[in-house]
Amino acid sequence: MRKIEEIEIVKMKIVLFHRLAEHMKFSCRHVAGAVLTILLSLAVTASFGQEKFDSNAEIKLALEKGTLKRGVYANFGDFLSNEPSIVDSFLVNIVPRDKEIWQGTFSLTPRYAAGSKKVKKVWGFSDGEKAYVFNEIEYFEVDVEDDELIFYGYDKIEDSGAMAAGVLGGVIGGAIYAAAQLSKAKSQKVRYRIDPSTGLALHPNAEALANRAEFTKELVIYRRSKKEALENFVFSLDDSLKYTFSPDSYVLLKYRSSDLEIQICFGSSFDNCNNVSLENKGTT
């Protein structure tokens with residue numbers, strides 16, 4: 001690999017490399033705080049001898065110990081950092097689920113205390129002990145199994161025939177079809193894996209395949225160990241995902257083919273930022 005640029009700042013430096021699957025073009029820019037290597041490839045899995053940095057490690061520990069902060073997660077980054085960005089007071093309505101397969105579990109509806117409006121368009125919430133992710137039409141408890149973030153939820157609600165049902169049966173026909181599909185979905189208990197990079201719910205069957213096919217760009221961020229200060233280097237990606245890297249650690253992230261760039265920020269207030277291109281041609 002050829003270094004195009006390497007700039008030292010104070011005690012440490014950062015070097016960003018892009019490895020493109022076909023053209024193998026590289027580029028570098030300085031950030032500050034540590035030497036980080038960023039490798040971009042298209043549908044190529046990276047392998048290192050160093051220990052992989054688990055960006056979900058802290059939240060997994062918080063889930064297992066019940067040390068979650070109460071609040072609403074506006075996005076997956078809030079959840080990962082255990083820092084709910086919406087801290088307005090809210091109450092949770094709890095109703096037992098009626099399907100036999102869901103006995104012992106509850107349907108949860110969080111509502112803001114002021115105005116009693118439902119909590120909507122968010123990734124999830126925490127009651128201070130457990131975390132819940134929104135999927136399909138309800139919130140489900142997040143857990144850790146086999147070192148993965150998972151939850152058990154309803155099956156995917158099939159809506160491919162909704163339009164035909166509406167055309168043939170009018171409003172009533174469409175409503176009957178929707179109710180039937182919802183009942184069918186609720187009668188299944190599906191184990192979903194939460195994508196560690198995006199926070200998306202991955203269905204074990206077709207949904208997982210569709211999601212994986214969509215995310216064709218892989219980005220590896222690696223901090224080397226040689227000539228590095230011992231303190232951790234903290235940075236964020238796209239104002240949501242935050243990482244704390246010790247020397248000799250890395251993380252692999254996946255992006256959609258349509259994504260063009262990401263922003264990496266550092267500093268005490270994450271106000272020093274650089275954009276990193278995700279395009280497969282040219283350099284940045």
# chains A, B, ... in the order shown; residues from 1 in each chain; ligands from 1
>>> select_by_dssp(residues="region 44-281 of chain A", states="strand (DSSP E or B)", output="number ranges by chain")
A: 52, 71-73, 86, 90-96, 106-112, 118, 124-126, 131-135, 138-141, 143-145, 148-153, 190-194, 201-202, 217-223, 233-237, 241-245, 249-255, 261-266, 272-277
>>> residues_around(residues="Pro84 (chain A)", least_positions_apart="5", cutoff="6 Å", atoms="only C-alpha atoms", output="MDAnalysis selection string")
chainID A and resid 71:73 78
>>> residues_around(residues="Asp248 (chain A)", least_positions_apart="6", cutoff="6 Å", atoms="only C-alpha atoms", output="list in words")
Arg223, Arg224 and Ser225 of chain A
>>> closest_residue(among="A:Asp195, A:Glu228, A:Glu138, A:Asp147", to="Glu58 (chain A)", atoms="only C-alpha atoms")
A:Asp147
>>> atom_distance(atom1="CA of Ser187 (chain A)", atom2="CA of Glu100 (chain A)")
8.1 Å
>>> select_by_dssp(residues="region 69-276 of chain A", states="helix (DSSP H, G or I)", output="PyMOL selection string")
chain A and resi 76-81+100-102+162-186+206-214
>>> residues_around(residues="region 254-267 of chain A", least_positions_apart="5", cutoff="7 Å", atoms="only C-alpha atoms", output="list in words")
Ser197, Glu214, Phe215, Thr216, Lys217, Glu218, Leu219, Val234, Phe235, Ser236, Leu237, Asp238, Asn272, Cys273, Asn274, Asn275, Val276, Ser277, Leu278 and Glu279 of chain A
>>> residues_around(residues="Glu64 (chain A)", least_positions_apart="2", cutoff="12 Å", atoms="only C-alpha atoms", output="ChimeraX atom specification")
/A:57-62,66-68,129-131,142-145,147,149
>>> atom_distance(atom1="CA of Asn93 (chain A)", atom2="CA of His203 (chain A)")
26.9 Å
>>> atom_distance(atom1="CA of Ile101 (chain A)", atom2="CA of Leu202 (chain A)")
20.8 Å
>>> residues_around(residues="Leu230 (chain A)", least_positions_apart="3", cutoff="10 Å", atoms="only C-alpha atoms", output="list of chain:residue names")
A:Ala34, A:Ser225, A:Lys227, A:Phe233, A:Ser246, A:Pro247
>>> residues_around(residues="region 152-157 of chain A", least_positions_apart="2", cutoff="9 Å", atoms="only C-alpha atoms", output="list in words")
Asn135, Glu136, Ile137, Glu138, Tyr139, Phe140, Glu141, Val142, Asp143, Ile150, Asp159, Ala178, Gln181, Leu182, Lys184, Ala185, Lys186, Ser187, Gln188, Lys189, Val190, Arg191, Tyr192, Arg193, His203 and Glu207 of chain A
>>> decode(residues="region 76-111 of chain A", atoms="N, CA and C atoms", output="PDB file, in the first residue's frame")
ATOM      1  N   PHE A  76     -30.268   4.433  16.356  1.00  0.00           N
ATOM      2  CA  PHE A  76     -29.470   3.300  16.846  1.00  0.00           C
ATOM      3  C   PHE A  76     -28.238   3.776  17.614  1.00  0.00           C
ATOM      4  N   GLY A  77     -27.684   4.926  17.220  1.00  0.00           N
ATOM      5  CA  GLY A  77     -26.530   5.466  17.904  1.00  0.00           C
ATOM      6  C   GLY A  77     -26.832   5.790  19.363  1.00  0.00           C
ATOM      7  N   ASP A  78     -28.041   6.306  19.629  1.00  0.00           N
ATOM      8  CA  ASP A  78     -28.458   6.568  21.013  1.00  0.00           C
ATOM      9  C   ASP A  78     -28.401   5.292  21.835  1.00  0.00           C
ATOM     10  N   PHE A  79     -28.907   4.224  21.240  1.00  0.00           N
ATOM     11  CA  PHE A  79     -28.942   2.934  21.935  1.00  0.00           C
ATOM     12  C   PHE A  79     -27.529   2.430  22.212  1.00  0.00           C
ATOM     13  N   LEU A  80     -26.665   2.451  21.190  1.00  0.00           N
ATOM     14  CA  LEU A  80     -25.313   1.935  21.349  1.00  0.00           C
ATOM     15  C   LEU A  80     -24.536   2.667  22.437  1.00  0.00           C
ATOM     16  N   SER A  81     -24.720   3.961  22.516  1.00  0.00           N
ATOM     17  CA  SER A  81     -23.974   4.755  23.491  1.00  0.00           C
ATOM     18  C   SER A  81     -24.651   4.810  24.856  1.00  0.00           C
ATOM     19  N   ASN A  82     -25.835   4.173  24.957  1.00  0.00           N
ATOM     20  CA  ASN A  82     -26.598   4.207  26.211  1.00  0.00           C
ATOM     21  C   ASN A  82     -26.877   5.647  26.624  1.00  0.00           C
ATOM     22  N   GLU A  83     -27.161   6.486  25.628  1.00  0.00           N
ATOM     23  CA  GLU A  83     -27.435   7.903  25.857  1.00  0.00           C
ATOM     24  C   GLU A  83     -28.701   8.306  25.097  1.00  0.00           C
ATOM     25  N   PRO A  84     -29.888   8.005  25.649  1.00  0.00           N
ATOM     26  CA  PRO A  84     -31.129   8.401  24.972  1.00  0.00           C
ATOM     27  C   PRO A  84     -31.158   9.909  24.741  1.00  0.00           C
ATOM     28  N   SER A  85     -31.404  10.318  23.503  1.00  0.00           N
ATOM     29  CA  SER A  85     -31.399  11.743  23.191  1.00  0.00           C
ATOM     30  C   SER A  85     -32.736  12.406  23.505  1.00  0.00           C
ATOM     31  N   ILE A  86     -33.782  11.611  23.719  1.00  0.00           N
ATOM     32  CA  ILE A  86     -35.091  12.148  24.103  1.00  0.00           C
ATOM     33  C   ILE A  86     -35.351  11.738  25.549  1.00  0.00           C
ATOM     34  N   VAL A  87     -35.299  12.690  26.443  1.00  0.00           N
ATOM     35  CA  VAL A  87     -35.421  12.380  27.872  1.00  0.00           C
ATOM     36  C   VAL A  87     -36.701  12.954  28.467  1.00  0.00           C
ATOM     37  N   ASP A  88     -37.649  13.331  27.607  1.00  0.00           N
ATOM     38  CA  ASP A  88     -38.946  13.804  28.098  1.00  0.00           C
ATOM     39  C   ASP A  88     -39.607  12.696  28.914  1.00  0.00           C
ATOM     40  N   SER A  89     -40.308  13.091  29.955  1.00  0.00           N
ATOM     41  CA  SER A  89     -40.983  12.111  30.804  1.00  0.00           C
ATOM     42  C   SER A  89     -42.012  11.322  29.991  1.00  0.00           C
ATOM     43  N   PHE A  90     -42.043  10.010  30.196  1.00  0.00           N
ATOM     44  CA  PHE A  90     -43.014   9.181  29.487  1.00  0.00           C
ATOM     45  C   PHE A  90     -43.491   8.042  30.380  1.00  0.00           C
ATOM     46  N   LEU A  91     -44.666   7.545  30.060  1.00  0.00           N
ATOM     47  CA  LEU A  91     -45.263   6.412  30.757  1.00  0.00           C
ATOM     48  C   LEU A  91     -45.413   5.267  29.766  1.00  0.00           C
ATOM     49  N   VAL A  92     -45.485   4.042  30.269  1.00  0.00           N
ATOM     50  CA  VAL A  92     -45.608   2.883  29.388  1.00  0.00           C
ATOM     51  C   VAL A  92     -46.876   2.110  29.736  1.00  0.00           C
ATOM     52  N   ASN A  93     -47.801   2.029  28.784  1.00  0.00           N
ATOM     53  CA  ASN A  93     -49.003   1.205  28.952  1.00  0.00           C
ATOM     54  C   ASN A  93     -48.636  -0.252  28.679  1.00  0.00           C
ATOM     55  N   ILE A  94     -49.000  -1.133  29.586  1.00  0.00           N
ATOM     56  CA  ILE A  94     -48.625  -2.546  29.486  1.00  0.00           C
ATOM     57  C   ILE A  94     -49.886  -3.407  29.382  1.00  0.00           C
ATOM     58  N   VAL A  95     -49.973  -4.188  28.305  1.00  0.00           N
ATOM     59  CA  VAL A  95     -51.125  -5.068  28.078  1.00  0.00           C
ATOM     60  C   VAL A  95     -50.613  -6.466  27.727  1.00  0.00           C
ATOM     61  N   PRO A  96     -51.105  -7.518  28.409  1.00  0.00           N
ATOM     62  CA  PRO A  96     -50.660  -8.885  28.077  1.00  0.00           C
ATOM     63  C   PRO A  96     -51.016  -9.243  26.642  1.00  0.00           C
ATOM     64  N   ARG A  97     -50.092  -9.880  25.940  1.00  0.00           N
ATOM     65  CA  ARG A  97     -50.389 -10.336  24.574  1.00  0.00           C
ATOM     66  C   ARG A  97     -51.296 -11.556  24.649  1.00  0.00           C
ATOM     67  N   ASP A  98     -52.242 -11.650  23.696  1.00  0.00           N
ATOM     68  CA  ASP A  98     -53.276 -12.676  23.798  1.00  0.00           C
ATOM     69  C   ASP A  98     -52.955 -13.976  23.080  1.00  0.00           C
ATOM     70  N   LYS A  99     -52.009 -13.969  22.155  1.00  0.00           N
ATOM     71  CA  LYS A  99     -51.690 -15.203  21.444  1.00  0.00           C
ATOM     72  C   LYS A  99     -50.969 -16.182  22.388  1.00  0.00           C
ATOM     73  N   GLU A 100     -51.311 -17.456  22.259  1.00  0.00           N
ATOM     74  CA  GLU A 100     -50.737 -18.463  23.155  1.00  0.00           C
ATOM     75  C   GLU A 100     -49.213 -18.492  23.093  1.00  0.00           C
ATOM     76  N   ILE A 101     -48.663 -18.321  21.885  1.00  0.00           N
ATOM     77  CA  ILE A 101     -47.212 -18.384  21.717  1.00  0.00           C
ATOM     78  C   ILE A 101     -46.510 -17.219  22.425  1.00  0.00           C
ATOM     79  N   TRP A 102     -47.259 -16.165  22.739  1.00  0.00           N
ATOM     80  CA  TRP A 102     -46.698 -14.983  23.389  1.00  0.00           C
ATOM     81  C   TRP A 102     -47.088 -14.881  24.866  1.00  0.00           C
ATOM     82  N   GLN A 103     -47.580 -15.975  25.436  1.00  0.00           N
ATOM     83  CA  GLN A 103     -47.959 -15.951  26.843  1.00  0.00           C
ATOM     84  C   GLN A 103     -46.773 -15.547  27.720  1.00  0.00           C
ATOM     85  N   GLY A 104     -47.042 -14.665  28.698  1.00  0.00           N
ATOM     86  CA  GLY A 104     -45.982 -14.207  29.592  1.00  0.00           C
ATOM     87  C   GLY A 104     -45.261 -12.974  29.089  1.00  0.00           C
ATOM     88  N   THR A 105     -45.653 -12.468  27.909  1.00  0.00           N
ATOM     89  CA  THR A 105     -45.044 -11.243  27.377  1.00  0.00           C
ATOM     90  C   THR A 105     -46.121 -10.165  27.275  1.00  0.00           C
ATOM     91  N   PHE A 106     -45.671  -8.937  27.050  1.00  0.00           N
ATOM     92  CA  PHE A 106     -46.603  -7.814  27.079  1.00  0.00           C
ATOM     93  C   PHE A 106     -46.415  -6.880  25.883  1.00  0.00           C
ATOM     94  N   SER A 107     -47.529  -6.310  25.454  1.00  0.00           N
ATOM     95  CA  SER A 107     -47.508  -5.280  24.429  1.00  0.00           C
ATOM     96  C   SER A 107     -47.294  -3.944  25.129  1.00  0.00           C
ATOM     97  N   LEU A 108     -46.264  -3.219  24.715  1.00  0.00           N
ATOM     98  CA  LEU A 108     -45.882  -1.974  25.367  1.00  0.00           C
ATOM     99  C   LEU A 108     -46.173  -0.767  24.476  1.00  0.00           C
ATOM    100  N   THR A 109     -46.793   0.239  25.064  1.00  0.00           N
ATOM    101  CA  THR A 109     -47.073   1.473  24.333  1.00  0.00           C
ATOM    102  C   THR A 109     -46.576   2.660  25.156  1.00  0.00           C
ATOM    103  N   PRO A 110     -45.386   3.183  24.834  1.00  0.00           N
ATOM    104  CA  PRO A 110     -44.886   4.350  25.566  1.00  0.00           C
ATOM    105  C   PRO A 110     -45.604   5.623  25.109  1.00  0.00           C
ATOM    106  N   ARG A 111     -45.965   6.472  26.078  1.00  0.00           N
ATOM    107  CA  ARG A 111     -46.635   7.739  25.793  1.00  0.00           C
ATOM    108  C   ARG A 111     -45.944   8.850  26.579  1.00  0.00           C
TER     109      ARG A 111
END
